[in-house]
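K.L.:
Next comes run_34.tsv, TSV, C-alpha atoms and all ligand atoms:
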chain	number	residue	atom	x	y	z
R	237	ILE	CA	82.31	128.91	85.99
R	238	LYS	CA	79.61	128.58	83.36
R	239	HIS	CA	81.08	126.25	80.76
R	240	ILE	CA	83.35	123.23	81.42
R	241	ALA	CA	84.95	121.10	78.70
R	242	VAL	CA	86.22	117.56	79.26
R	243	PHE	CA	88.55	115.33	77.25
R	244	THR	CA	90.22	111.93	77.55
R	245	SER	CA	93.85	111.59	76.57
R	246	GLY	CA	96.63	109.00	76.27
R	247	GLY	CA	95.82	105.30	76.55
R	248	ASP	CA	92.12	104.64	77.12
R	249	SER	CA	91.10	102.79	80.26
R	250	PRO	CA	87.90	101.15	81.54
R	251	GLY	CA	86.17	103.59	83.87
R	252	MET	CA	86.74	106.65	81.67
R	253	ASN	CA	83.13	106.50	80.46
R	254	ALA	CA	81.82	106.24	84.01
R	255	ALA	CA	83.82	109.37	84.87
R	256	LEU	CA	82.39	111.17	81.81
R	257	PHE	CA	78.87	110.31	82.94
R	258	ALA	CA	79.57	111.53	86.48
R	259	ILE	CA	81.02	114.80	85.17
R	260	ALA	CA	77.96	115.34	82.94
R	261	LYS	CA	75.52	114.55	85.74
R	262	THR	CA	77.26	116.77	88.30
R	263	ALA	CA	77.53	119.62	85.79
R	264	GLU	CA	73.83	119.26	84.96
R	265	VAL	CA	72.79	119.33	88.63
R	266	ASN	CA	74.83	122.52	89.07
R	267	SER	CA	73.42	124.10	85.85
R	268	ILE	CA	76.85	124.21	84.23
R	269	LYS	CA	77.19	123.81	80.47
R	270	LEU	CA	79.42	120.86	79.55
R	271	SER	CA	81.15	120.15	76.24
R	272	GLY	CA	83.33	117.27	75.15
R	273	ILE	CA	86.58	117.60	73.26
R	274	ARG	CA	87.20	114.60	71.01
R	275	LYS	CA	90.58	112.82	70.61
R	276	GLY	CA	92.36	114.43	73.54
R	277	TYR	CA	94.82	117.24	72.85
R	278	GLU	CA	94.44	116.65	69.11
R	279	GLY	CA	90.79	117.73	69.35
R	280	LEU	CA	91.76	120.69	71.50
R	281	ILE	CA	94.09	121.88	68.75
R	282	ASP	CA	91.56	121.16	65.99
R	283	GLY	CA	88.61	122.68	67.86
R	284	ASP	CA	86.74	119.35	67.83
R	285	VAL	CA	84.23	120.40	70.49
R	286	VAL	CA	80.94	118.49	70.79
R	287	PRO	CA	77.88	118.70	73.04
R	288	LEU	CA	77.50	115.86	75.57
R	289	ASP	CA	74.24	114.14	76.33
R	290	THR	CA	74.02	112.98	79.96
R	291	ARG	CA	71.45	110.30	79.16
R	292	GLU	CA	73.64	108.81	76.40
R	293	LEU	CA	76.66	108.78	78.73
R	294	GLN	CA	74.56	107.13	81.42
R	295	LYS	CA	73.75	104.25	79.08
R	296	MET	CA	77.39	103.75	78.10
R	297	ALA	CA	79.02	104.37	81.49
R	298	HIS	CA	79.87	100.68	81.97
R	299	ARG	CA	81.78	100.31	78.71
R	300	GLY	CA	85.55	100.21	78.22
R	301	GLY	CA	87.29	102.58	75.80
R	302	THR	CA	86.24	106.22	75.76
R	303	LEU	CA	83.21	107.73	74.06
R	304	LEU	CA	85.21	110.91	73.49
R	305	LYS	CA	88.00	108.97	71.76
R	306	THR	CA	91.60	109.57	72.67
R	307	ALA	CA	95.03	110.20	71.18
R	308	ARG	CA	98.67	110.69	72.04
R	309	SER	CA	99.35	114.15	70.61
R	310	LYS	CA	102.75	115.20	69.30
R	311	ARG	CA	101.42	118.59	68.20
R	312	PHE	CA	100.52	119.59	71.77
R	313	LEU	CA	104.19	119.22	72.70
R	314	THR	CA	104.83	122.33	70.58
R	315	LEU	CA	104.08	125.89	71.73
R	316	GLU	CA	102.30	126.49	68.43
R	317	GLY	CA	99.94	123.58	69.14
R	318	ARG	CA	99.21	124.83	72.64
R	319	GLN	CA	98.55	128.38	71.34
R	320	GLN	CA	96.05	127.02	68.84
R	321	ALA	CA	94.38	125.07	71.66
R	322	LEU	CA	94.11	128.28	73.70
R	323	GLU	CA	92.46	130.07	70.78
R	324	ASN	CA	89.87	127.28	70.53
R	325	LEU	CA	89.06	127.50	74.24
R	326	LYS	CA	88.45	131.23	73.85
R	327	THR	CA	86.35	130.81	70.69
R	328	ASN	CA	84.15	128.23	72.41
R	329	LYS	CA	83.90	130.34	75.59
R	330	ILE	CA	85.15	127.47	77.73
R	331	ASP	CA	86.16	128.60	81.21
R	332	ALA	CA	87.43	125.36	82.81
R	333	LEU	CA	88.92	122.10	81.58
R	334	ILE	CA	88.80	118.55	82.94
R	335	ALA	CA	91.35	116.07	81.57
R	336	ILE	CA	91.16	112.32	82.12
R	337	GLY	CA	94.47	110.61	81.43
R	338	GLY	CA	97.89	109.56	82.66
R	339	ASP	CA	101.20	111.25	83.36
R	340	GLY	CA	101.64	112.47	79.76
R	341	THR	CA	98.26	114.18	80.00
R	342	PHE	CA	99.16	116.00	83.22
R	343	LYS	CA	102.58	117.00	81.90
R	344	GLY	CA	100.65	118.48	78.95
R	345	LEU	CA	98.43	120.48	81.33
R	346	LEU	CA	101.46	121.74	83.23
R	347	ALA	CA	102.97	123.05	80.00
R	348	PHE	CA	99.60	124.50	78.95
R	349	SER	CA	99.22	126.33	82.28
R	350	GLU	CA	102.24	128.48	81.31
R	351	ILE	CA	100.18	130.20	78.61
R	352	CYS	CA	96.62	129.61	79.81
R	353	ASP	CA	95.32	130.56	83.24
R	354	LEU	CA	91.96	128.78	83.02
R	355	PRO	CA	91.44	126.27	85.83
R	356	PHE	CA	92.40	122.68	84.93
R	357	LEU	CA	91.27	119.63	86.85
R	358	GLY	CA	92.68	116.14	86.30
R	359	ILE	CA	91.29	112.63	86.74
R	360	PRO	CA	93.77	109.70	86.75
R	361	GLY	CA	92.87	107.41	83.84
R	362	THR	CA	95.44	104.76	82.98
R	363	ILE	CA	95.63	101.01	83.47
R	364	ASP	CA	99.25	101.38	84.65
R	365	ASN	CA	98.49	102.80	88.14
R	366	ASP	CA	101.69	104.81	87.90
R	367	LEU	CA	100.58	108.15	89.35
R	368	ALA	CA	101.16	109.66	92.75
R	369	GLY	CA	98.17	111.32	94.45
R	370	THR	CA	95.80	108.37	94.18
R	371	ASP	CA	95.91	104.81	95.42
R	372	PHE	CA	94.32	103.56	92.20
R	373	THR	CA	93.90	104.95	88.70
R	374	LEU	CA	90.84	104.35	86.52
R	375	GLY	CA	91.20	101.10	84.60
R	376	PHE	CA	93.86	99.46	86.72
R	377	ASP	CA	91.44	97.15	88.52
R	378	SER	CA	89.70	96.18	85.25
R	379	ALA	CA	93.04	95.48	83.56
R	380	VAL	CA	94.19	93.33	86.48
R	381	ASN	CA	90.90	91.40	86.34
R	382	THR	CA	91.35	90.80	82.62
R	383	ALA	CA	94.94	89.73	83.12
R	384	ILE	CA	93.96	87.35	85.92
R	385	GLU	CA	91.17	85.80	83.88
R	386	ASN	CA	93.60	85.09	81.04
R	387	ILE	CA	96.46	83.91	83.23
R	388	ASP	CA	94.08	81.43	84.91
R	389	LYS	CA	93.29	80.04	81.46
R	390	ILE	CA	96.95	79.74	80.59
R	391	ARG	CA	97.54	77.89	83.86
R	392	ASP	CA	95.05	75.20	82.79
R	393	THR	CA	97.02	74.35	79.68
R	394	ALA	CA	100.38	74.90	81.40
R	395	GLU	CA	99.48	72.36	84.10
R	396	ALA	CA	98.29	69.90	81.46
R	397	HIS	CA	101.69	69.96	79.74
R	398	ASN	CA	103.96	70.70	82.72
R	399	ARG	CA	105.17	73.77	80.87
R	400	ILE	CA	106.92	76.95	81.85
R	401	PHE	CA	104.95	79.99	80.72
R	402	LEU	CA	106.31	83.52	80.66
R	403	ILE	CA	103.33	85.84	80.46
R	404	GLU	CA	103.95	89.48	79.63
R	405	VAL	CA	101.53	92.04	81.05
R	406	MET	CA	101.27	95.80	80.41
R	407	GLY	CA	102.19	98.60	82.80
R	408	ARG	CA	104.80	100.60	80.89
R	409	ASP	CA	107.57	101.37	83.45
R	410	CYS	CA	105.48	100.29	86.37
R	411	GLY	CA	105.05	96.79	87.82
R	412	TYR	CA	101.66	97.16	89.49
R	413	ILE	CA	99.69	95.10	86.95
R	414	ALA	CA	102.36	92.39	87.14
R	415	ILE	CA	102.37	92.36	90.95
R	416	HIS	CA	98.60	92.22	91.34
R	417	SER	CA	97.95	89.74	88.54
R	418	GLY	CA	100.95	87.60	89.52
R	419	LEU	CA	100.07	87.38	93.20
R	420	GLY	CA	96.40	86.86	92.33
R	421	THR	CA	97.15	83.86	90.14
R	422	GLY	CA	99.76	82.18	92.31
R	423	ALA	CA	102.59	82.86	89.87
R	424	ASP	CA	105.97	81.29	90.67
R	425	ALA	CA	107.88	84.44	89.79
R	426	ILE	CA	107.07	88.07	88.99
R	427	LEU	CA	109.48	90.34	87.14
R	428	ILE	CA	108.93	94.08	87.52
R	429	PRO	CA	110.92	97.12	86.34
R	430	GLU	CA	111.37	98.37	89.91
R	431	SER	CA	113.39	95.37	91.08
R	432	ALA	CA	116.52	93.51	90.01
R	433	HIS	CA	116.33	90.96	92.82
R	434	ASP	CA	113.24	89.30	91.31
R	435	PHE	CA	115.33	87.87	88.46
R	436	ILE	CA	117.79	86.25	90.84
R	437	GLN	CA	114.87	84.64	92.64
R	438	LEU	CA	113.49	83.41	89.31
R	439	LEU	CA	116.78	81.78	88.30
R	440	GLU	CA	117.11	80.04	91.67
R	441	LYS	CA	113.63	78.62	91.33
R	442	ALA	CA	113.98	77.70	87.67
R	443	GLY	CA	117.19	75.84	88.53
R	444	SER	CA	115.32	73.44	90.77
R	445	TYR	CA	112.19	73.18	88.61
R	446	ASP	CA	111.32	69.47	88.37
R	447	ARG	CA	109.11	69.57	85.23
R	448	GLU	CA	106.31	67.76	87.04
R	449	GLU	CA	104.00	70.77	87.08
R	450	ALA	CA	103.46	74.17	85.51
R	451	PHE	CA	105.75	77.09	86.26
R	452	ILE	CA	104.21	80.52	85.70
R	453	VAL	CA	106.28	83.68	85.38
R	454	ILE	CA	104.60	87.09	85.05
R	455	VAL	CA	106.80	89.63	83.29
R	456	SER	CA	105.96	93.31	83.34
R	457	GLU	CA	106.49	94.80	79.85
R	458	GLY	CA	108.83	97.43	81.29
R	459	ASP	CA	111.10	94.90	82.96
R	460	GLU	CA	114.72	95.45	82.01
R	461	LEU	CA	115.14	91.86	80.87
R	462	GLY	CA	111.87	91.16	79.07
R	463	ALA	CA	110.19	87.80	78.51
R	464	GLU	CA	112.46	86.63	75.65
R	465	VAL	CA	115.74	87.20	77.50
R	466	ALA	CA	114.31	85.70	80.71
R	467	ALA	CA	113.23	82.65	78.68
R	468	LYS	CA	116.72	82.32	77.20
R	469	LYS	CA	118.33	82.45	80.64
R	470	ILE	CA	115.95	79.80	81.98
R	471	LYS	CA	116.80	77.57	79.01
R	472	GLU	CA	120.52	78.02	79.70
R	473	ILE	CA	120.06	76.70	83.24
R	474	ASN	CA	117.50	74.06	82.37
R	475	PRO	CA	117.84	73.21	78.63
R	476	ASP	CA	115.12	70.56	78.41
R	477	VAL	CA	112.20	72.58	79.75
R	478	ASP	CA	109.09	72.99	77.64
R	479	LEU	CA	108.59	76.74	77.56
R	480	ARG	CA	106.16	79.19	75.95
R	481	ILE	CA	105.81	82.97	75.93
R	482	THR	CA	102.42	84.73	75.83
R	483	LYS	CA	101.96	88.49	75.58
R	484	LEU	CA	98.53	89.54	76.81
R	485	GLY	CA	98.76	92.94	75.06
R	486	HIS	CA	95.86	95.29	74.44
R	487	VAL	CA	93.21	92.84	75.60
R	488	GLN	CA	94.10	94.29	79.03
R	489	ARG	CA	92.80	97.73	78.01
R	490	GLY	CA	89.36	96.64	76.82
R	491	GLY	CA	86.16	95.23	78.23
R	492	ASN	CA	83.52	96.59	80.58
R	493	ALA	CA	84.82	98.44	83.60
R	494	SER	CA	84.97	96.47	86.85
R	495	ALA	CA	82.66	97.44	89.72
R	496	PHE	CA	85.61	99.15	91.39
R	497	ASP	CA	86.48	101.23	88.31
R	498	ARG	CA	82.87	102.25	87.73
R	499	MET	CA	82.63	103.54	91.29
R	500	LEU	CA	86.03	105.22	91.03
R	501	GLY	CA	84.89	106.97	87.84
R	502	ILE	CA	81.69	108.15	89.52
R	503	ARG	CA	83.53	109.47	92.59
R	504	LEU	CA	86.32	111.20	90.71
R	505	GLY	CA	84.04	112.63	88.00
R	506	ALA	CA	81.77	114.27	90.56
R	507	ALA	CA	84.76	115.38	92.65
R	508	ALA	CA	86.40	117.07	89.65
R	509	VAL	CA	83.37	119.26	88.88
R	510	GLU	CA	82.83	120.10	92.54
R	511	ALA	CA	86.49	121.02	92.99
R	512	LEU	CA	86.30	123.42	90.01
R	513	LEU	CA	83.18	125.01	91.49
R	514	ARG	CA	85.08	125.52	94.77
R	515	GLY	CA	87.77	127.41	92.86
R	516	ARG	CA	90.45	124.69	92.81
R	517	LYS	CA	92.80	124.56	89.82
R	518	ASN	CA	95.70	122.53	88.44
R	519	VAL	CA	95.14	119.57	90.71
R	520	MET	CA	94.27	115.93	90.11
R	521	ALA	CA	91.34	114.34	91.96
R	522	GLY	CA	92.30	111.01	93.48
R	523	ILE	CA	91.46	108.64	96.29
R	524	LEU	CA	94.00	108.25	99.09
R	525	ASN	CA	93.11	105.93	101.99
R	526	ASN	CA	89.52	105.88	100.69
R	527	GLU	CA	89.22	109.68	100.98
R	528	LEU	CA	88.96	112.11	98.11
R	529	SER	CA	92.09	114.12	97.69
R	530	LEU	CA	93.40	116.82	95.34
R	531	THR	CA	97.08	116.75	94.39
R	532	PRO	CA	98.93	119.41	92.31
R	533	PHE	CA	99.92	118.16	88.85
R	534	ASP	CA	103.65	118.60	89.44
R	535	ARG	CA	103.51	116.14	92.36
R	536	VAL	CA	101.35	113.65	90.49
R	537	VAL	CA	103.83	113.11	87.67
R	538	LYS	CA	106.81	112.51	89.97
R	539	GLU	CA	108.14	108.98	89.91
R	540	HIS	CA	105.80	106.44	91.45
R	541	GLN	CA	107.01	103.95	94.05
R	542	VAL	CA	106.06	100.35	94.67
R	543	ASN	CA	105.42	100.35	98.40
R	544	ASP	CA	107.42	98.30	100.89
R	545	GLU	CA	104.54	96.01	101.75
R	546	LEU	CA	104.21	94.86	98.12
R	547	ARG	CA	107.98	94.47	97.81
R	548	GLY	CA	107.84	92.26	100.89
R	549	LEU	CA	105.11	90.13	99.32
R	550	LEU	CA	107.19	89.67	96.18
R	551	LYS	CA	110.05	88.33	98.28
R	552	ILE	CA	107.78	85.86	100.08
R	553	PHE	CA	105.85	84.59	97.09
R	554	GLY	CA	108.78	84.64	94.68
R	555	SER	CA	110.84	82.35	96.87
I	1	LIG	O1	99.66	103.50	79.39
I	1	LIG	C1	98.78	102.48	79.09
I	1	LIG	C2	99.42	101.47	78.18
I	1	LIG	O2	98.47	100.46	77.89
I	1	LIG	C3	100.71	100.86	78.70
I	1	LIG	O3	100.49	99.83	79.63
I	1	LIG	C4	101.34	100.40	77.42
I	1	LIG	O4	102.75	100.37	77.53
I	1	LIG	C5	100.93	101.47	76.44
I	1	LIG	O5	99.78	102.09	76.97
I	1	LIG	C6	100.61	100.97	75.05
I	1	LIG	O6	100.36	102.08	74.27
I	1	LIG	P1	99.74	102.01	72.83
I	1	LIG	O7	98.30	101.60	72.95
I	1	LIG	O8	99.89	103.38	72.30
I	1	LIG	O9	100.51	100.96	72.07
For this file, write the structure as structure tokens.
Ligand code: F6P

P.N.:
Amino acid sequence: IKHIAVFTSGGDSPGMNAALFAIAKTAEVNSIKLSGIRKGYEGLIDGDVVPLDTRELQKMAHRGGTLLKTARSKRFLTLEGRQQALENLKTNKIDALIAIGGDGTFKGLLAFSEICDLPFLGIPGTIDNDLAGTDFTLGFDSAVNTAIENIDKIRDTAEAHNRIFLIEVMGRDCGYIAIHSGLGTGADAILIPESAHDFIQLLEKAGSYDREEAFIVIVSEGDELGAEVAAKKIKEINPDVDLRITKLGHVQRGGNASAFDRMLGIRLGAAAVEALLRGRKNVMAGILNNELSLTPFDRVVKEHQVNDELRGLLKIFGS
């Protein structure tokens, strides 16, 4: 391998820039040429290939967002789009590809591998933490920290008014951000897409709520019910409560990467280049039990599971 190209794809996440720096540094040390592809699969189709400067990446490694920009590409879902991307890889004499992104990104690589036999290496970059093959994805820890910081602030005003607050956090179909931010802020209830029991617990608690203190409910955006319906149900049981809904939204995606995500980016970035140099292909670099691990893309995109220990915690702290 003489020339690697890297791109970021899907929702950006803090830690992506740290991974880009680590990839550049490891490539440099191994005398491998590295290029960046801007705007994810869109840039691959458009041939938007740029040189990367290790020193510049080093200075920006702490920042949220992605220096390579990102996109969710509809064109790459078509065979025509993927064929155009293949042409651009050949034109630019790229002989290996590193993609930083979430499940959509790896599904894209799986489809691409049907027409392109260059080695692909993946790095999990999404705040949702919804991938198999790694205990944590890049950006999850930063997003949880941002959520916690904001939920703490909401608690101050909620306690002052003895209000019920339903706070919606991101996570798509996955409740990890809700679980971690909810447990970390002492929430009274946590609603996640993976459980139906959590709502029953919430109603039981809301029924006996005495309005002498705050009552904080964290709702994962993918929860079947959603914050508005949950609020309506609480009002039906307890009509006089003072209730507000806050959606934290995209604030959770921004900001400097946490210490954990910076280190994760460094480890996975270096691991991705080294794995390519060892001849590995079509696997995602991840950390399992604090050890580097490489998992084939088709296993990574299988449905994630909230583990039994966390489910147990939800039962205890939601009661
Ligand atoms: O996948 C990351 C994520 O932030 C999800 O938590 C959220 O559902 C989605 O992306 C939002 O996507 P967009 O920025 O395209 O609105």

K.L.:
Which residues are near Pro355 in chain R? Cut-off 9 Å, only C-alpha atoms, ignore same chain within fewer than 3 positions. Put them as a PDB file with C-alpha atoms, keeping the file's coordinate frame.

P.N.:
ATOM      1  CA  ASP R 331      86.160 128.600  81.210  1.00  0.00           C
ATOM      2  CA  ALA R 332      87.430 125.360  82.810  1.00  0.00           C
ATOM      3  CA  LEU R 333      88.920 122.100  81.580  1.00  0.00           C
ATOM      4  CA  ILE R 334      88.800 118.550  82.940  1.00  0.00           C
ATOM      5  CA  SER R 349      99.220 126.330  82.280  1.00  0.00           C
ATOM      6  CA  CYS R 352      96.620 129.610  79.810  1.00  0.00           C
ATOM      7  CA  LEU R 512      86.300 123.420  90.010  1.00  0.00           C
ATOM      8  CA  GLY R 515      87.770 127.410  92.860  1.00  0.00           C
ATOM      9  CA  ARG R 516      90.450 124.690  92.810  1.00  0.00           C
ATOM     10  CA  LYS R 517      92.800 124.560  89.820  1.00  0.00           C
ATOM     11  CA  ASN R 518      95.700 122.530  88.440  1.00  0.00           C
TER      12      ASN R 518
END

K.L.:
Please check which protein, DNA or RNA residues sit within 6 Å of ligand LIG 1 (chain I), counting all atoms listed in the file, and write them as a PDB file with C-alpha atoms, in the frame of the given file.

P.N.:
ATOM      1  CA  GLY R 247      95.820 105.300  76.550  1.00  0.00           C
ATOM      2  CA  THR R 362      95.440 104.760  82.980  1.00  0.00           C
ATOM      3  CA  ILE R 363      95.630 101.010  83.470  1.00  0.00           C
ATOM      4  CA  ASP R 364      99.250 101.380  84.650  1.00  0.00           C
ATOM      5  CA  MET R 406     101.270  95.800  80.410  1.00  0.00           C
ATOM      6  CA  GLY R 407     102.190  98.600  82.800  1.00  0.00           C
ATOM      7  CA  ARG R 408     104.800 100.600  80.890  1.00  0.00           C
TER       8      ARG R 408
END

K.L.:
With all atoms listed in the file as the counted atoms, please give the residues lying no more than 8 Å from range 270-272 of chain R, apart from itself and same-chain residues fewer than 3 positions off, as an MDAnalysis selection string.

P.N.:
chainID R and resid 239:243 260 263:264 285:288 304

K.L.:
Counting all atoms listed in the file, what is within 10 Å of Arg274 in chain R, bar same-chain residues fewer than 5 positions away, as a PDB file with C-alpha atoms, in the coordinates of the input?

P.N.:
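Writing the result to around09.pdb gives the following:
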ATOM      1  CA  VAL R 242      86.220 117.560  79.260  1.00  0.00           C
ATOM      2  CA  PHE R 243      88.550 115.330  77.250  1.00  0.00           C
ATOM      3  CA  THR R 244      90.220 111.930  77.550  1.00  0.00           C
ATOM      4  CA  SER R 245      93.850 111.590  76.570  1.00  0.00           C
ATOM      5  CA  GLY R 279      90.790 117.730  69.350  1.00  0.00           C
ATOM      6  CA  LEU R 280      91.760 120.690  71.500  1.00  0.00           C
ATOM      7  CA  ASP R 282      91.560 121.160  65.990  1.00  0.00           C
ATOM      8  CA  GLY R 283      88.610 122.680  67.860  1.00  0.00           C
ATOM      9  CA  ASP R 284      86.740 119.350  67.830  1.00  0.00           C
ATOM     10  CA  VAL R 285      84.230 120.400  70.490  1.00  0.00           C
ATOM     11  CA  VAL R 286      80.940 118.490  70.790  1.00  0.00           C
ATOM     12  CA  THR R 302      86.240 106.220  75.760  1.00  0.00           C
ATOM     13  CA  LEU R 303      83.210 107.730  74.060  1.00  0.00           C
ATOM     14  CA  LEU R 304      85.210 110.910  73.490  1.00  0.00           C
ATOM     15  CA  LYS R 305      88.000 108.970  71.760  1.00  0.00           C
ATOM     16  CA  THR R 306      91.600 109.570  72.670  1.00  0.00           C
ATOM     17  CA  ALA R 307      95.030 110.200  71.180  1.00  0.00           C
TER      18      ALA R 307
END

K.L.:
Work out how far CA of Ile415 in chain R is from CA of Glu527 in chain R, in Å to one decimal.

P.N.:
23.9 Å

K.L.:
Distance CA of Glu460 in chain R-CA of Tyr445 in chain R, one decimal place?

P.N.:
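We find that CA of Glu460 in chain R and CA of Tyr445 in chain R lie 23.4 Å from each other.
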
K.L.:
Quick one: of R:Gly418, R:Gly375, R:Gly338, R:Gly361, who's nearest to Ser494 in chain R, counting all atoms listed in the file?

P.N.:
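For Ser494 in chain R, the nearest of the given residues is R:Gly375.
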
K.L.:
What is the distance between CA of Val477 in chain R and CA of Val453 in chain R, in Å to one decimal?

P.N.:
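Answer for the CA of Val477 in chain R to CA of Val453 in chain R separation: 13.8 Å.
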
K.L.:
Extract, using all atoms listed in the file, all DNA, RNA and protein residues at most 12 Å from Asp478 in chain R, discarding same-chain residues fewer than 3 positions from it, and format them as a list of chain:residue names.

P.N.:
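My list of contacting residues is R:Ala394, R:Glu395, R:Ala396, R:His397, R:Asn398, R:Arg399, R:Ile400, R:Phe401, R:Leu402, R:Tyr445, R:Asp446, R:Arg447, R:Glu448, R:Glu449, R:Ala450, R:Phe451, R:Ala467, R:Ile470, R:Lys471, R:Asn474, R:Pro475, R:Ile481.
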
K.L.:
Please provide as a ChimeraX atom specification all residues within 6 Å of Gly501 in chain R, with the sequence filter that same-chain residues fewer than 2 positions apart are discarded (counting all atoms listed in the file).

P.N.:
/R:251,254-255,497-499,503-505
